[in-house]
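Listing of coords_25.csv; format and content: CSV, C-alpha atoms and all ligand atoms.
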```csv
chain,number,residue,atom,x,y,z
E,2,MET,CA,0.0,0.0,0.0
E,3,LYS,CA,1.3,3.5,-0.9
E,4,LYS,CA,-0.1,6.9,-0.1
E,5,ILE,CA,0.5,9.5,-2.8
E,6,VAL,CA,-0.2,13.2,-2.9
E,7,ILE,CA,-0.7,15.2,-6.1
E,8,SER,CA,-0.4,19.0,-6.5
E,9,THR,CA,-0.8,21.3,-9.5
E,10,GLY,CA,1.3,24.5,-9.5
E,11,GLY,CA,1.9,27.5,-11.7
E,12,GLY,CA,-0.5,28.7,-14.5
E,13,ASP,CA,-3.2,26.2,-15.3
E,14,ALA,CA,-3.1,24.2,-18.6
E,15,PRO,CA,-5.8,22.1,-20.3
E,16,GLY,CA,-5.0,18.5,-19.4
E,17,LEU,CA,-4.2,19.0,-15.6
E,18,ASN,CA,-7.4,17.2,-14.7
E,19,ALA,CA,-6.6,14.3,-17.1
E,20,VAL,CA,-3.3,13.8,-15.3
E,21,ILE,CA,-5.1,13.7,-11.9
E,22,TYR,CA,-7.7,11.3,-13.3
E,23,ALA,CA,-4.9,8.9,-14.6
E,24,VAL,CA,-2.9,9.0,-11.3
E,25,VAL,CA,-6.1,8.3,-9.2
E,26,HIS,CA,-7.3,5.4,-11.4
E,27,ALA,CA,-3.9,3.8,-11.9
E,28,SER,CA,-3.2,4.0,-8.2
E,29,ALA,CA,-6.6,2.7,-7.1
E,30,ARG,CA,-6.0,-0.4,-9.2
E,31,LYS,CA,-2.9,-1.1,-7.2
E,32,GLY,CA,-4.8,-0.5,-3.9
E,33,TRP,CA,-2.9,2.8,-3.2
E,34,GLU,CA,-4.4,5.9,-1.7
E,35,VAL,CA,-4.3,9.3,-3.5
E,36,TYR,CA,-4.7,12.7,-1.9
E,37,GLY,CA,-4.7,16.1,-3.6
E,38,SER,CA,-3.1,19.2,-2.1
E,39,ARG,CA,-5.2,22.3,-3.0
E,40,ASN,CA,-3.6,25.4,-4.5
E,41,GLY,CA,-0.1,24.0,-4.8
E,42,TYR,CA,1.3,23.2,-1.3
E,43,GLY,CA,-1.8,24.5,0.5
E,44,GLY,CA,-2.8,21.0,1.7
E,45,PHE,CA,0.5,20.7,3.7
E,46,LEU,CA,-0.3,23.9,5.6
E,47,ASP,CA,-4.0,23.4,6.3
E,48,ILE,CA,-5.5,19.9,6.6
E,49,ASP,CA,-8.8,21.2,5.1
E,50,ASP,CA,-6.9,21.7,1.9
E,51,MET,CA,-5.7,18.1,1.7
E,52,VAL,CA,-8.5,16.1,0.0
E,53,ARG,CA,-8.8,12.4,-0.6
E,54,LEU,CA,-9.2,11.5,-4.3
E,55,THR,CA,-11.0,8.3,-5.2
E,56,PRO,CA,-12.1,7.2,-8.7
E,57,ARG,CA,-15.6,8.5,-7.8
E,58,ASP,CA,-14.1,12.0,-7.0
E,59,VAL,CA,-12.5,12.3,-10.4
E,60,GLU,CA,-15.3,10.9,-12.6
E,61,GLY,CA,-15.3,12.5,-16.0
E,62,ILE,CA,-12.7,15.1,-15.2
E,63,TYR,CA,-10.3,14.0,-17.9
E,64,SER,CA,-12.1,16.1,-20.5
E,65,THR,CA,-12.4,19.3,-18.4
E,66,GLY,CA,-10.1,22.4,-18.4
E,67,GLY,CA,-8.5,24.0,-15.3
E,68,THR,CA,-7.6,21.9,-12.3
E,69,ILE,CA,-9.9,20.6,-9.6
E,70,LEU,CA,-7.2,21.2,-7.1
E,71,GLY,CA,-6.7,24.9,-7.8
E,72,SER,CA,-3.3,26.4,-8.6
E,73,THR,CA,-1.1,29.4,-7.8
E,74,ASN,CA,2.0,30.9,-9.3
E,75,LYS,CA,2.9,32.9,-6.2
E,76,GLY,CA,3.3,30.0,-3.8
E,77,ASN,CA,7.0,29.3,-3.6
E,78,PRO,CA,7.4,27.7,-0.1
E,79,PHE,CA,11.2,28.6,-0.2
E,80,SER,CA,10.5,32.3,-0.4
E,81,LYS,CA,7.0,33.1,0.8
E,82,PRO,CA,6.0,36.7,1.5
E,83,VAL,CA,4.4,36.9,5.0
E,84,GLU,CA,3.2,40.0,6.8
E,85,ASN,CA,4.7,40.5,10.2
E,86,LEU,CA,3.1,42.1,13.3
E,87,ALA,CA,4.4,45.5,12.2
E,88,GLY,CA,2.6,45.1,8.9
E,89,GLU,CA,5.9,44.7,7.0
E,90,ILE,CA,6.3,42.0,4.3
E,91,GLN,CA,9.0,39.5,5.1
E,92,ILE,CA,10.2,36.6,2.9
E,93,VAL,CA,10.3,33.4,4.8
E,94,ASP,CA,11.2,29.8,4.0
E,95,ILE,CA,8.4,27.4,5.0
E,96,SER,CA,9.8,24.3,3.2
E,97,ASP,CA,10.8,22.5,6.5
E,98,LYS,CA,7.3,22.8,7.8
E,99,ILE,CA,5.9,21.4,4.5
E,100,LEU,CA,8.4,18.5,4.6
E,101,ARG,CA,7.5,17.8,8.2
E,102,ASN,CA,3.8,17.7,7.4
E,103,PHE,CA,4.4,15.5,4.3
E,104,ASN,CA,6.2,12.9,6.6
E,105,ARG,CA,3.6,13.3,9.4
E,106,MET,CA,0.8,12.6,7.0
E,107,GLY,CA,2.6,9.4,6.0
E,108,PHE,CA,3.0,10.1,2.3
E,109,ASP,CA,5.3,7.9,0.2
E,110,CYS,CA,5.5,10.2,-2.8
E,111,HIS,CA,4.5,13.6,-4.1
E,112,ILE,CA,3.5,13.9,-7.8
E,113,ALA,CA,4.1,17.6,-8.7
E,114,ILE,CA,2.4,18.7,-11.9
E,115,GLY,CA,3.9,22.0,-13.1
E,116,GLY,CA,6.1,24.1,-15.4
E,117,ASP,CA,9.7,25.1,-14.8
E,118,GLY,CA,8.9,27.1,-11.6
E,119,SER,CA,6.9,24.3,-9.9
E,120,LEU,CA,9.4,21.7,-11.0
E,121,ASP,CA,12.2,23.7,-9.6
E,122,ILE,CA,10.4,23.8,-6.2
E,123,ALA,CA,9.7,20.1,-6.5
E,124,HIS,CA,13.4,19.4,-7.1
E,125,ARG,CA,14.4,21.4,-4.1
E,126,PHE,CA,12.1,19.3,-2.0
E,127,ALA,CA,13.6,16.2,-3.5
E,128,GLU,CA,17.0,17.5,-2.4
E,129,LYS,CA,15.6,17.8,1.1
E,130,GLY,CA,14.5,14.2,1.1
E,131,MET,CA,10.9,14.3,-0.2
E,132,PRO,CA,10.3,11.5,-2.8
E,133,VAL,CA,9.1,13.6,-5.7
E,134,ILE,CA,8.0,12.8,-9.3
E,135,GLY,CA,7.4,15.6,-11.8
E,136,VAL,CA,4.8,15.9,-14.6
E,137,PRO,CA,5.6,18.6,-17.2
E,138,LYS,CA,2.9,21.1,-17.8
E,139,THR,CA,2.8,24.4,-19.7
E,140,ILE,CA,0.9,25.8,-22.6
E,141,ASP,CA,4.2,27.5,-23.7
E,142,ASN,CA,5.8,24.1,-24.5
E,143,ASP,CA,9.1,25.4,-23.3
E,144,LEU,CA,10.2,22.7,-20.9
E,145,ASN,CA,13.4,21.0,-21.8
E,146,GLN,CA,13.8,17.2,-22.1
E,147,THR,CA,10.2,16.6,-23.3
E,148,SER,CA,9.1,17.2,-26.9
E,149,ARG,CA,5.7,18.2,-25.7
E,150,THR,CA,3.9,19.5,-22.6
E,151,PHE,CA,0.2,19.0,-22.4
E,152,GLY,CA,-1.9,22.2,-22.8
E,153,PHE,CA,0.2,23.4,-25.8
E,154,ASP,CA,-1.9,21.7,-28.4
E,155,THR,CA,-5.1,23.1,-27.0
E,156,ALA,CA,-3.6,26.6,-26.8
E,157,VAL,CA,-2.5,26.3,-30.4
E,158,ALA,CA,-6.0,25.2,-31.5
E,159,THR,CA,-7.5,28.1,-29.7
E,160,ALA,CA,-5.1,30.6,-31.3
E,161,THR,CA,-5.5,29.1,-34.7
E,162,GLU,CA,-9.3,29.3,-34.5
E,163,ALA,CA,-9.0,33.0,-33.5
E,164,LEU,CA,-6.8,33.7,-36.5
E,165,ASP,CA,-9.2,32.0,-38.8
E,166,LYS,CA,-11.9,34.3,-37.6
E,167,LEU,CA,-9.8,37.4,-37.8
E,168,HIS,CA,-9.1,37.0,-41.6
E,169,SER,CA,-12.6,37.9,-42.7
E,170,THR,CA,-12.8,41.0,-40.6
E,171,ALA,CA,-9.3,42.2,-41.4
E,172,LYS,CA,-10.1,41.7,-45.1
E,173,SER,CA,-13.5,43.4,-44.9
E,174,HIS,CA,-11.8,46.6,-43.5
E,175,ASN,CA,-8.4,46.4,-45.3
E,176,ARG,CA,-6.8,46.4,-41.9
E,177,VAL,CA,-3.8,45.0,-40.2
E,178,LEU,CA,-4.6,42.9,-37.2
E,179,VAL,CA,-1.9,42.2,-34.6
E,180,VAL,CA,-2.6,39.3,-32.3
E,181,GLU,CA,-0.5,38.9,-29.2
E,182,VAL,CA,-0.3,35.2,-28.0
E,183,MET,CA,1.3,33.7,-25.0
E,184,GLY,CA,4.9,32.5,-25.0
E,185,ARG,CA,7.3,34.0,-22.4
E,186,GLU,CA,10.6,32.8,-23.7
E,187,SER,CA,9.7,30.6,-26.6
E,188,GLY,CA,7.6,31.2,-29.6
E,189,TRP,CA,6.0,27.8,-30.0
E,190,ILE,CA,2.4,29.0,-29.8
E,191,ALA,CA,3.0,31.9,-32.2
E,192,LEU,CA,4.9,29.7,-34.7
E,193,TYR,CA,2.4,26.8,-34.8
E,194,SER,CA,-0.7,28.9,-34.8
E,195,GLY,CA,0.8,31.5,-37.1
E,196,ILE,CA,1.7,29.0,-39.8
E,197,SER,CA,-1.6,27.1,-39.5
E,198,GLY,CA,-3.7,30.3,-39.2
E,199,GLY,CA,-2.3,32.0,-42.3
E,200,ALA,CA,-0.4,34.8,-40.6
E,201,ASP,CA,1.7,37.2,-42.8
E,202,VAL,CA,4.1,37.9,-40.0
E,203,ILE,CA,5.1,35.9,-36.9
E,204,LEU,CA,7.3,37.4,-34.2
E,205,LEU,CA,9.0,35.0,-31.7
E,206,PRO,CA,11.3,35.7,-28.7
E,207,GLU,CA,14.0,33.7,-30.5
E,208,ILE,CA,14.2,36.1,-33.5
E,209,PRO,CA,14.6,39.8,-32.4
E,210,PHE,CA,12.4,41.7,-34.8
E,211,ASP,CA,12.9,44.8,-37.0
E,212,MET,CA,9.7,46.9,-37.6
E,213,HIS,CA,10.9,47.8,-41.0
E,214,GLU,CA,11.0,44.2,-42.1
E,215,VAL,CA,7.5,43.8,-40.6
E,216,CYS,CA,6.2,46.8,-42.5
E,217,ASN,CA,7.9,45.7,-45.7
E,218,LYS,CA,5.9,42.6,-45.6
E,219,ILE,CA,2.7,44.5,-45.1
E,220,SER,CA,3.5,46.8,-48.1
E,221,ASP,CA,4.5,43.8,-50.1
E,222,ASN,CA,1.1,42.3,-49.5
E,223,GLU,CA,-0.5,45.4,-51.0
E,224,LEU,CA,1.8,45.2,-54.0
E,225,HIS,CA,0.3,41.7,-54.5
E,226,ASP,CA,-3.2,43.0,-54.1
E,227,LYS,CA,-3.7,41.7,-50.6
E,228,ASN,CA,-4.9,44.7,-48.7
E,229,TYR,CA,-4.9,43.2,-45.2
E,230,SER,CA,-2.4,41.5,-43.0
E,231,ILE,CA,-2.3,39.4,-39.9
E,232,VAL,CA,0.6,39.7,-37.5
E,233,VAL,CA,1.1,37.1,-34.7
E,234,VAL,CA,3.4,38.2,-31.9
E,235,ALA,CA,4.5,36.1,-28.9
E,236,GLU,CA,4.3,38.1,-25.6
E,237,GLY,CA,8.0,37.6,-25.0
E,238,ALA,CA,9.1,38.9,-28.5
E,239,VAL,CA,11.9,41.5,-28.4
E,240,THR,CA,12.9,44.2,-30.9
E,241,LYS,CA,16.2,44.1,-32.7
E,242,ASP,CA,17.5,46.8,-30.4
E,243,GLY,CA,16.6,44.8,-27.3
E,244,ARG,CA,13.3,46.4,-26.3
E,245,SER,CA,11.0,44.0,-24.3
E,246,PHE,CA,7.5,44.5,-23.0
E,247,ASN,CA,6.1,43.9,-19.5
E,248,LYS,CA,3.7,45.2,-16.9
E,249,GLY,CA,6.1,44.8,-13.9
E,250,MET,CA,6.1,42.2,-11.2
E,251,GLY,CA,2.4,41.9,-10.6
E,252,GLU,CA,1.1,40.5,-7.3
E,253,LEU,CA,3.2,39.9,-4.3
E,254,GLY,CA,4.9,36.6,-4.2
E,255,ARG,CA,5.3,36.2,-8.0
E,256,ASP,CA,8.7,35.2,-9.1
E,257,GLU,CA,8.4,36.5,-12.6
E,258,VAL,CA,7.4,39.7,-14.4
E,259,VAL,CA,3.9,39.9,-16.0
E,260,LEU,CA,4.5,40.2,-19.7
E,261,GLY,CA,2.3,42.1,-22.1
E,262,GLY,CA,2.1,45.1,-24.4
E,263,VAL,CA,4.1,44.0,-27.4
E,264,GLY,CA,1.0,43.6,-29.6
E,265,GLU,CA,-0.2,47.1,-29.1
E,266,TRP,CA,3.3,48.5,-29.5
E,267,VAL,CA,3.8,46.6,-32.8
E,268,ALA,CA,0.3,47.9,-34.0
E,269,SER,CA,1.2,51.5,-33.2
E,270,GLU,CA,4.5,51.3,-35.1
E,271,ILE,CA,2.7,49.7,-38.1
E,272,ARG,CA,0.2,52.6,-38.0
E,273,LYS,CA,3.0,55.1,-37.9
E,274,ILE,CA,5.2,53.6,-40.6
E,275,THR,CA,2.6,52.3,-43.1
E,276,GLU,CA,-0.4,54.6,-42.2
E,277,LYS,CA,-2.6,51.5,-42.5
E,278,ASP,CA,-5.6,51.1,-40.3
E,279,THR,CA,-4.3,48.7,-37.6
E,280,ARG,CA,-5.8,47.1,-34.5
E,281,SER,CA,-4.4,44.8,-31.9
E,282,LEU,CA,-5.8,42.2,-29.6
E,283,VAL,CA,-4.5,40.0,-26.8
E,284,LEU,CA,-5.7,36.4,-26.7
E,285,GLY,CA,-4.4,36.1,-23.2
E,286,HIS,CA,-5.9,33.5,-20.8
E,287,LEU,CA,-8.3,32.3,-23.5
E,288,GLN,CA,-5.4,30.1,-24.6
E,289,ARG,CA,-5.3,28.5,-21.2
E,290,GLY,CA,-9.0,27.7,-20.9
E,291,GLY,CA,-11.4,25.1,-22.2
E,292,SER,CA,-11.4,21.4,-22.7
E,293,PRO,CA,-8.1,19.7,-23.7
E,294,THR,CA,-7.8,18.5,-27.3
E,295,THR,CA,-7.6,14.8,-27.9
E,296,PHE,CA,-3.8,15.1,-28.2
E,297,ASP,CA,-3.5,16.9,-24.8
E,298,ARG,CA,-5.9,14.5,-23.1
E,299,LEU,CA,-4.1,11.4,-24.3
E,300,LEU,CA,-0.7,12.9,-23.5
E,301,ALA,CA,-1.9,13.9,-20.0
E,302,LEU,CA,-3.4,10.5,-19.3
E,303,ARG,CA,-0.1,8.9,-20.5
E,304,PHE,CA,1.9,11.2,-18.3
E,305,GLY,CA,-0.3,10.4,-15.3
E,306,THR,CA,0.1,6.6,-15.6
E,307,ALA,CA,3.8,6.9,-16.4
E,308,ALA,CA,4.2,8.9,-13.2
E,309,VAL,CA,2.5,6.1,-11.2
E,310,ARG,CA,5.0,3.6,-12.8
E,311,LEU,CA,7.8,5.8,-11.6
E,312,VAL,CA,6.4,5.7,-8.1
E,313,GLU,CA,6.2,1.9,-8.2
E,314,ASN,CA,9.8,1.7,-9.4
E,315,LYS,CA,11.0,4.4,-6.9
E,316,VAL,CA,12.5,6.6,-9.6
E,317,PHE,CA,12.3,9.8,-7.6
E,318,ASP,CA,13.4,13.3,-8.5
E,319,HIS,CA,12.6,12.4,-12.1
E,320,MET,CA,10.0,13.9,-14.5
E,321,VAL,CA,8.0,11.9,-17.0
E,322,ALA,CA,8.6,13.1,-20.6
E,323,LEU,CA,7.7,12.4,-24.2
E,324,LYS,CA,10.5,11.5,-26.6
E,325,ASP,CA,10.0,10.1,-30.1
E,326,SER,CA,6.4,9.1,-29.3
E,327,THR,CA,7.3,7.2,-26.1
E,328,MET,CA,7.2,7.8,-22.4
E,329,ILE,CA,10.6,8.3,-20.8
E,330,SER,CA,11.8,9.7,-17.5
E,331,VAL,CA,14.5,12.3,-17.0
E,332,PRO,CA,16.1,13.9,-13.9
E,333,ILE,CA,14.0,17.0,-13.0
E,334,VAL,CA,17.2,19.0,-12.8
E,335,GLU,CA,17.8,18.4,-16.5
E,336,ALA,CA,14.3,19.7,-17.4
E,337,ILE,CA,14.7,22.9,-15.5
E,338,LYS,CA,18.2,23.9,-16.5
E,339,ALA,CA,17.1,26.0,-19.5
E,340,ARG,CA,14.1,26.8,-21.5
E,341,LYS,CA,13.3,24.8,-24.7
E,342,LYS,CA,13.6,27.4,-27.5
E,343,VAL,CA,12.4,27.1,-31.0
E,344,ASP,CA,15.3,25.7,-33.0
E,345,LEU,CA,15.8,28.1,-35.9
E,346,SER,CA,17.0,25.3,-38.2
E,347,ASN,CA,13.7,23.5,-37.5
E,348,ASP,CA,11.7,22.7,-40.6
E,349,LYS,CA,8.7,24.7,-39.3
E,350,ILE,CA,10.8,27.8,-39.5
E,351,MET,CA,11.8,26.8,-43.1
E,352,THR,CA,8.1,26.2,-43.9
E,353,ALA,CA,7.1,29.6,-42.6
E,354,ARG,CA,9.8,31.4,-44.6
E,355,GLU,CA,9.2,29.3,-47.7
E,356,ILE,CA,5.5,30.1,-47.8
E,357,GLY,CA,6.3,33.8,-47.5
E,358,ILE,CA,5.7,34.5,-43.8
E,359,CYS,CA,7.9,37.3,-42.4
E,360,LEU,CA,9.6,36.4,-39.2
E,361,GLY,CA,10.7,39.9,-38.4
E,362,ASP,CA,14.2,39.6,-39.7
E,363,LYS,CA,15.7,40.0,-43.2
E,364,ASP,CA,14.5,37.1,-45.4
E,365,GLU,CA,17.1,36.4,-48.0
E,366,GLY,CA,14.7,34.3,-50.1
E,367,GLN,CA,12.1,37.1,-50.4
E,368,GLU,CA,9.8,36.9,-53.5
E,369,VAL,CA,10.6,39.4,-56.2
E,401,LIG,O1,3.7,30.0,-18.5
E,401,LIG,C1,2.4,30.0,-19.0
E,401,LIG,C2,1.9,31.4,-19.1
E,401,LIG,O2,0.6,31.2,-19.7
E,401,LIG,C3,2.7,32.4,-19.9
E,401,LIG,O3,2.7,32.3,-21.3
E,401,LIG,C4,2.2,33.7,-19.4
E,401,LIG,O4,3.2,34.7,-19.5
E,401,LIG,C5,1.9,33.4,-18.0
E,401,LIG,O5,1.6,32.0,-17.9
E,401,LIG,C6,0.7,34.2,-17.4
E,401,LIG,O6,0.5,33.9,-16.1
E,401,LIG,P1,-0.7,34.5,-15.2
E,401,LIG,O7,-1.7,33.5,-15.0
E,401,LIG,O8,0.0,34.9,-13.9
E,401,LIG,O9,-1.2,35.7,-15.9
```
What's the structure tokens form of this structure?
Amino acid sequence: MKKIVISTGGGDAPGLNAVIYAVVHASARKGWEVYGSRNGYGGFLDIDDMVRLTPRDVEGIYSTGGTILGSTNKGNPFSKPVENLAGEIQIVDISDKILRNFNRMGFDCHIAIGGDGSLDIAHRFAEKGMPVIGVPKTIDNDLNQTSRTFGFDTAVATATEALDKLHSTAKSHNRVLVVEVMGRESGWIALYSGISGGADVILLPEIPFDMHEVCNKISDNELHDKNYSIVVVAEGAVTKDGRSFNKGMGELGRDEVVLGGVGEWVASEIRKITEKDTRSLVLGHLQRGGSPTTFDRLLALRFGTAAVRLVENKVFDHMVALKDSTMISVPIVEAIKARKKVDLSNDKIMTAREIGICLGDKDEGQEV
């Protein structure tokens, strides 16, 4: 008999509930008990936030978005902001308390579902002696050592559908529409949705962009009797001269800046340089919502069952991952070392350029 606890950390992604479903079912068949910790590590701090999960509790959740456990991206137990008696905010480390409660509650393993931030925390707990297994999640698809994270396919489908809808209105008004999509450090969502959704320009964090190249493409469209353009820009895209766009640190306890603003900036530059009627929109959290696609559901269910296999084989401080269509496990530390960037020699980059999409840099093979 084993007793497992699952937590979901960081921004949500479609497929989280499918992982929980798979862990609960695969464990129940072995006679193991599963608990869920609400809002990241909340269940280790307040017993009311530690919930028993049986197959009945997770009935049908594999197809739903969000996470039944709740999540937070300001819950780092190694540096938690706490208000002292004088009303000042102090950063405290509550990891020992969490580890003590994990042991007291008699858990054999913690399955941490999260992106780079949550997996970094999970690895630090593993170093302190907590048996931990990681499951990679992020719509950005930027985790190393796994070719895919669940949530990405759903986010791409949402962004592609939005682009499909924007074509008719852009065309009706002879407008340029700039669409800002998520992607902090990697442009996977922008690239996949931009190519599939007929964008004229795609701007990625991996290729610093030049507004003159962007505007040349828009003017070139006009020369070829296409009086509208669609620009897709990842929130983490930067200009050639190093300008990035963010809204500051956001709420207390967040470890990263809140990105945003690049879409509107690109739109205003296009307006200035080309004098074209230009609008921008931010797809934002729409990309994180909704029911997971078949691909994401299946991947999440496979990740969940693979995690239970790792528990059985005591392969701790490892993360389940997808490589060449199979499930593998990798040390968590390898996954969090660096972000997985779009490889510029990738055939998708070639595809984009070869069908005439501008990537914000000088395209040597431009049509004449
Ligand atoms: O990491 C996933 C992500 O969706 C990023 O693309 C985005 O910058 C961030 O989360 C937004 O997080 P929040 O939920 O705090 O707005």
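For ligand LIG 401 (chain E), the protein and nucleic acid residues at most 6 Å away, judged by all atoms listed in the file, amount to Gly12, Thr139, Ile140, Asp141, Met183, Gly184, Arg185 and Leu260 of chain E.
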Exercise for the section: Measuring atom to atom with all atoms listed in the file, identify which of E:Tyr36, E:Asp13, E:Val334, E:Thr275 is nearest to Leu287 of chain E. Expected result: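 Residue with the minimum atom-to-atom distance to Leu287 of chain E: E:Asp13.
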Exercise for the section: Have a look at atom CA of Trp33 of chain E and atom CA of Ser72 of chain E and let me know their distance in Å, one decimal. Expected result: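 A separation of 24.2 Å between them.
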Problem - Polymer residues at most 9 Å from Ser64 of chain E, all atoms listed in the file, same-chain spacing of 4 or more positions, as a PyMOL selection string - result: chain E and resi 15-16+18-19+292-295+298
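You will find atom CA of Ser220 of chain E at 16.9 Å from atom CA of Gly199 of chain E.
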Handout entry: Residue with smallest distance to Val179 of chain E - pool E:Gln288, E:Ser197, E:Ser230, E:Asn77, counting only C-alpha atoms
Key =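 Ranking E:Gln288, E:Ser197, E:Ser230, E:Asn77 by distance to Val179 of chain E, first place goes to E:Ser230.
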Handout entry: Long-range neighbours of Gly11 of chain E as a list of chain:residue names, 9 Å cut-off, all atoms listed in the file, 5 positions minimum in chain
Key = E:Gly41, E:Ser72, E:Thr73, E:Asn74, E:Lys75, E:Gly76, E:Ile114, E:Gly115, E:Gly116, E:Asp117, E:Gly118, E:Ser119, E:Lys138, E:Thr139
Exercise for the section: Kindly indicate which residue among E:Ile99, E:Val321, E:Val215, E:Leu205 lies nearest to Ala301 of chain E, using only C-alpha atoms for the distances. Expected result: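 The shortest atom-to-atom distance to Ala301 of chain E comes from E:Val321.
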